[in-house]
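Reading through the C-alpha cells given below for one structure.
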Amino acid sequence: MTLIHDLAGEGPSTVLLLHSGVCDRRMWDGQFHALAEAGHRVVRCDLRGYGDTPIDAPHTHAEDVRALLDEIGADRAAVVGSSFGGEVALEFAALHPERVCALALLCSGAPGHEPSEELRAWGARERDLLIAGDIDAAVELNVDTWLGPGAGPEVRALVRAMQRHIFDVQLPVPEEHAPVDAGVTAEDLPRIGAPALVVSGAHDVPDFRALAEDLARLLPAARHERLDWAGHLPALERPAETAALLTAFLAETGVPGAAVR
C-alpha cells in the first residue's frame, strides 16, 4: 500500500516531510510550499494510522517510507522528521543510508529510547483516560503537553483535530495490524553519515531536550540548534521561522535546488 501523500515543486532534489505522532501531514502546511518555492520537490505523507492512510496490515514505518520513495521515483531524499517522524527518519536512514542525503530532526524521538519516569507517568495518564473512554480528555492532554506557550488558538484547534482523528483511526485497529519493530537501535545511528540538523525546543519536555543532545553526539555529521521559543512542535508554533531554518539548512548542506529565501 502506498502512503497517502502530496507532492509540490519540480526541483532536482526530493525533500520528504514526516509528521509527529500527534499530527498528520497537515502539520507541514507552513513549510510544504515554502520548500517547493526554494527549489525542491517536496513530498509529505500520512504514515499508516494517521490522516488519510489506514492501517490494514502489519507494517514497518521505515519500509513504508522506502516504498513511497520508490513509488515517486526518488533514489535519495533529504528527510525532515518531527518527533515520532524523526524516529522513523532515523530508522529509515540507518536501514538505507545510501538513500538519505540530509536529515533534519525537529524535537525527534529515537530508536530504543527509554522514557523517563515523567514521560512514563504521562503515558499512563493517557492510557487511563482512553481505557475510561474519555477521548476528549486524552486529546486535551496531548494538546497541552506537546504545544509550547506561543501556540495560538488556531494551532491548538488543528492539533486537537489531528489527535482526535488519530484516536478514531487507531483505537479500533486489531493488535495483529500493529507496527512491527524495525530492529534499529542507538548502536546503529553512528553509521548515518548524512549531514544532520538536530533541533530542540526550550519549552519541550525533558526527554526530548536530552534526546537532541544525545543525537548530536551519536550522528557523525550533526549539529544541534536549540530554539528558545519552541515547545515540541516548532513547525506549527512558528511556521515561517521553521521553514526558513529548514531552507537554510538544505542550502548549507548543498542539497540541489536549495536557495535561502
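If you're wondering about the labels, chains in the C-alpha cells are A, B, ... by order shown, residues count from 1 in each chain, ligands from 1 in order shown.
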
- prompt: Within 9 Å of range 26-40 of chain A, counting only C-alpha atoms, which residues qualify if same-chain residues fewer than 3 places away don't, as an NGL selection string?
  reply: :A and (7-15 or 17-20 or 23 or 43-44 or 46 or 51 or 158-159 or 162 or 233 or 235-236 or 238-240 or 242-244 or 246-247 or 255-261)

How close does range 13-54 of chain A get to range 169-172 of chain A? List, as JSON lines, each residue of range 13-54 of chain A within 8 Å, its nearest atom pair and the distance in Å to one decimal, counting only C-alpha atoms.
```
{"residue": "A:Gly49", "atom": "CA", "partner": "A:Gln170", "partner_atom": "CA", "distance": 5.8}
{"residue": "A:Tyr50", "atom": "CA", "partner": "A:Val169", "partner_atom": "CA", "distance": 7.3}
{"residue": "A:Pro54", "atom": "CA", "partner": "A:Val169", "partner_atom": "CA", "distance": 7.3}
```

- request: Find the residues around Ile135 in chain A up to 12 Å (only C-alpha atoms counted), leave out those fewer than 6 positions away in its own chain, and share them as number ranges by chain.
  value: A: 125-129, 141-142, 160-161, 163-168, 171

Selected residues, N, CA and C atoms, written as a JSON list (two decimals), in the first residue's frame, please.
```json
[["chain", "number", "residue", "atom", "x", "y", "z"],
["A", 125, "ARG", "N", -1.18, 8.22, 32.21],
["A", 125, "ARG", "CA", -2.35, 9.08, 32.31],
["A", 125, "ARG", "C", -3.17, 9.03, 31.02],
["A", 126, "GLU", "N", -2.50, 9.09, 29.88],
["A", 126, "GLU", "CA", -3.21, 9.00, 28.60],
["A", 126, "GLU", "C", -3.92, 7.64, 28.49],
["A", 127, "ARG", "N", -3.22, 6.58, 28.83],
["A", 127, "ARG", "CA", -3.80, 5.23, 28.74],
["A", 127, "ARG", "C", -5.03, 5.10, 29.62],
["A", 128, "ASP", "N", -4.97, 5.63, 30.84],
["A", 128, "ASP", "CA", -6.11, 5.55, 31.76],
["A", 128, "ASP", "C", -7.32, 6.29, 31.19],
["A", 129, "LEU", "N", -7.07, 7.44, 30.59],
["A", 129, "LEU", "CA", -8.18, 8.21, 30.01],
["A", 129, "LEU", "C", -8.81, 7.45, 28.85],
["A", 141, "LEU", "N", -5.04, 16.41, 26.86],
["A", 141, "LEU", "CA", -3.75, 16.11, 27.49],
["A", 141, "LEU", "C", -2.63, 16.24, 26.47],
["A", 142, "ASN", "N", -2.85, 15.73, 25.27],
["A", 142, "ASN", "CA", -1.83, 15.82, 24.23],
["A", 142, "ASN", "C", -1.63, 17.26, 23.76],
["A", 160, "ARG", "N", -5.69, 19.55, 17.99],
["A", 160, "ARG", "CA", -6.83, 18.86, 18.61],
["A", 160, "ARG", "C", -7.54, 17.98, 17.57],
["A", 161, "ALA", "N", -7.78, 18.53, 16.39],
["A", 161, "ALA", "CA", -8.49, 17.78, 15.35],
["A", 161, "ALA", "C", -7.65, 16.60, 14.85],
["A", 163, "GLN", "N", -5.20, 14.99, 16.47],
["A", 163, "GLN", "CA", -5.06, 13.96, 17.50],
["A", 163, "GLN", "C", -6.36, 13.18, 17.68],
["A", 164, "ARG", "N", -7.49, 13.86, 17.63],
["A", 164, "ARG", "CA", -8.77, 13.17, 17.75],
["A", 164, "ARG", "C", -8.94, 12.16, 16.60],
["A", 165, "HIS", "N", -8.57, 12.56, 15.39],
["A", 165, "HIS", "CA", -8.68, 11.65, 14.25],
["A", 165, "HIS", "C", -7.77, 10.44, 14.43],
["A", 166, "ILE", "N", -6.57, 10.66, 14.96],
["A", 166, "ILE", "CA", -5.65, 9.54, 15.21],
["A", 166, "ILE", "C", -6.28, 8.53, 16.15],
["A", 167, "PHE", "N", -6.85, 9.00, 17.23],
["A", 167, "PHE", "CA", -7.52, 8.07, 18.16],
["A", 167, "PHE", "C", -8.66, 7.34, 17.46],
["A", 168, "ASP", "N", -9.45, 8.07, 16.68],
["A", 168, "ASP", "CA", -10.58, 7.44, 15.99],
["A", 168, "ASP", "C", -10.12, 6.34, 15.03],
["A", 171, "LEU", "N", -7.59, 3.40, 17.58],
["A", 171, "LEU", "CA", -8.13, 2.62, 18.71],
["A", 171, "LEU", "C", -8.88, 1.36, 18.27]]
```

- request: Could you find all residues in range 30-260 of chain A that DSSP calls helix (DSSP H, G or I) from the backbone, and write them as a PyMOL selection string?
  value: chain A and resi 30-37+61-71+84-95+97-99+117-131+135-146+153-170+175-177+186-191+206-218+234-237+239-252

task: Determine the nearest neighbour of Glu91 in chain A from the options A:Asp181, A:Asp52, A:Glu252, A:Asp70, counting only C-alpha atoms.
output: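 The shortest atom-to-atom distance to Glu91 in chain A comes from A:Asp181.
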
Sorted per-residue table, range 31-103 of chain A near range 192-205 of chain A, closest atoms and distance, 7 Å, only C-alpha atoms, as CSV:
```
residue,atom,partner,partner_atom,distance
A:Ala93,CA,A:Ile192,CA,6.3
A:Ala94,CA,A:Ile192,CA,5.8
A:Pro97,CA,A:Ile192,CA,6.0
A:Val100,CA,A:Ala194,CA,6.6
A:Cys101,CA,A:Ala194,CA,5.5
A:Ala102,CA,A:Pro195,CA,5.0
A:Leu103,CA,A:Ala196,CA,4.5
```

Selected residues written out, N, CA and C atoms, as a PDB file, in the first residue's frame:
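The resulting file, part-v9.pdb, is shown below:
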```
ATOM      1  N   ALA A  93      17.048   5.998   7.771  1.00  0.00           N
ATOM      2  CA  ALA A  93      18.433   6.350   7.438  1.00  0.00           C
ATOM      3  C   ALA A  93      19.407   5.278   7.883  1.00  0.00           C
ATOM      4  N   ALA A  94      19.130   4.618   9.007  1.00  0.00           N
ATOM      5  CA  ALA A  94      20.006   3.536   9.468  1.00  0.00           C
ATOM      6  C   ALA A  94      19.890   2.306   8.577  1.00  0.00           C
ATOM      7  N   PRO A  97      21.053   3.962   4.428  1.00  0.00           N
ATOM      8  CA  PRO A  97      21.835   5.211   4.490  1.00  0.00           C
ATOM      9  C   PRO A  97      22.135   5.808   3.129  1.00  0.00           C
ATOM     10  N   VAL A 100      19.582   8.634   1.883  1.00  0.00           N
ATOM     11  CA  VAL A 100      19.353   9.861   2.647  1.00  0.00           C
ATOM     12  C   VAL A 100      20.532  10.812   2.429  1.00  0.00           C
ATOM     13  N   CYS A 101      20.246  11.998   1.887  1.00  0.00           N
ATOM     14  CA  CYS A 101      21.313  12.967   1.650  1.00  0.00           C
ATOM     15  C   CYS A 101      21.409  14.013   2.745  1.00  0.00           C
ATOM     16  N   ALA A 102      20.374  14.151   3.567  1.00  0.00           N
ATOM     17  CA  ALA A 102      20.393  15.083   4.697  1.00  0.00           C
ATOM     18  C   ALA A 102      19.249  14.718   5.627  1.00  0.00           C
ATOM     19  N   LEU A 103      19.418  15.056   6.912  1.00  0.00           N
ATOM     20  CA  LEU A 103      18.397  14.792   7.929  1.00  0.00           C
ATOM     21  C   LEU A 103      18.156  16.068   8.729  1.00  0.00           C
TER      22      LEU A 103
END
```

CA of Gly133 in chain A to CA of His232 in chain A, distance in Å rounded to a single decimal: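 Atom-to-atom, CA of Gly133 in chain A and CA of His232 in chain A are spaced 26.1 Å apart.
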
- request: Write out as a list in words which residues come within 7 Å of Val184 in chain A when counting only C-alpha atoms, dropping same-chain ones fewer than 2 positions away.
  value: Glu91, Pro111, Ala182 and Asp188 of chain A

- request: Compile the contact shell of Gly109 in chain A as JSON, numbers by chain: residues with an atom at most 6 Å away, counting only C-alpha atoms, same-chain residues fewer than 3 positions apart removed.
  value: {"A": [83, 84, 86, 87]}

With C-alpha atoms kept, could you save the residues just selected as an mmCIF file, in the first residue's frame?
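Result written to selection-v4.cif:
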```cif
data_model
loop_
_atom_site.group_PDB
_atom_site.id
_atom_site.type_symbol
_atom_site.label_atom_id
_atom_site.label_comp_id
_atom_site.auth_asym_id
_atom_site.auth_seq_id
_atom_site.Cartn_x
_atom_site.Cartn_y
_atom_site.Cartn_z
ATOM 1 C CA SER A 83 9.084 13.892 16.949
ATOM 2 C CA PHE A 84 7.835 10.386 16.037
ATOM 3 C CA GLY A 86 12.102 11.924 13.394
ATOM 4 C CA GLU A 87 12.371 8.456 14.880
#
```

task: Would you please work out which residue, of A:Thr145, A:Val80, A:Val42, A:Ser108, is nearest to Trp122 in chain A when using only C-alpha atoms?
output: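 Nearest to Trp122 in chain A: A:Thr145.
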
Point-to-point distance in Å for CA of Leu119 in chain A and CA of His224 in chain A: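 Answer for the CA of His224 in chain A to CA of Leu119 in chain A separation: 22.5 Å.
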
- prompt: What does the distance between CA of Ala157 in chain A and CA of Trp229 in chain A come to in Å, to one decimal place?
  reply: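 Result for CA of Ala157 in chain A versus CA of Trp229 in chain A: 19.9 Å, one decimal.
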
- prompt: Of the candidates A:Arg48, A:Arg25, A:His113, A:Arg226, which shows the shortest atom-to-atom distance to Asp64 in chain A, using only C-alpha atoms?
  reply: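 For Asp64 in chain A, the nearest of the candidates is A:Arg48.
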
Counting only C-alpha atoms, the option among A:Leu130, A:Ala104, A:Met1, A:Ala78 closest to Ala222 in chain A: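 That would be A:Ala104, the residue with the smallest distance to Ala222 in chain A.
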
- request: Report as a ChimeraX atom specification: the residues of range 41-252 of chain A with a DSSP assignment of strand (DSSP E), based on the backbone of this structure.
  value: /A:41-45,77-82,100-106,196-201,222-227
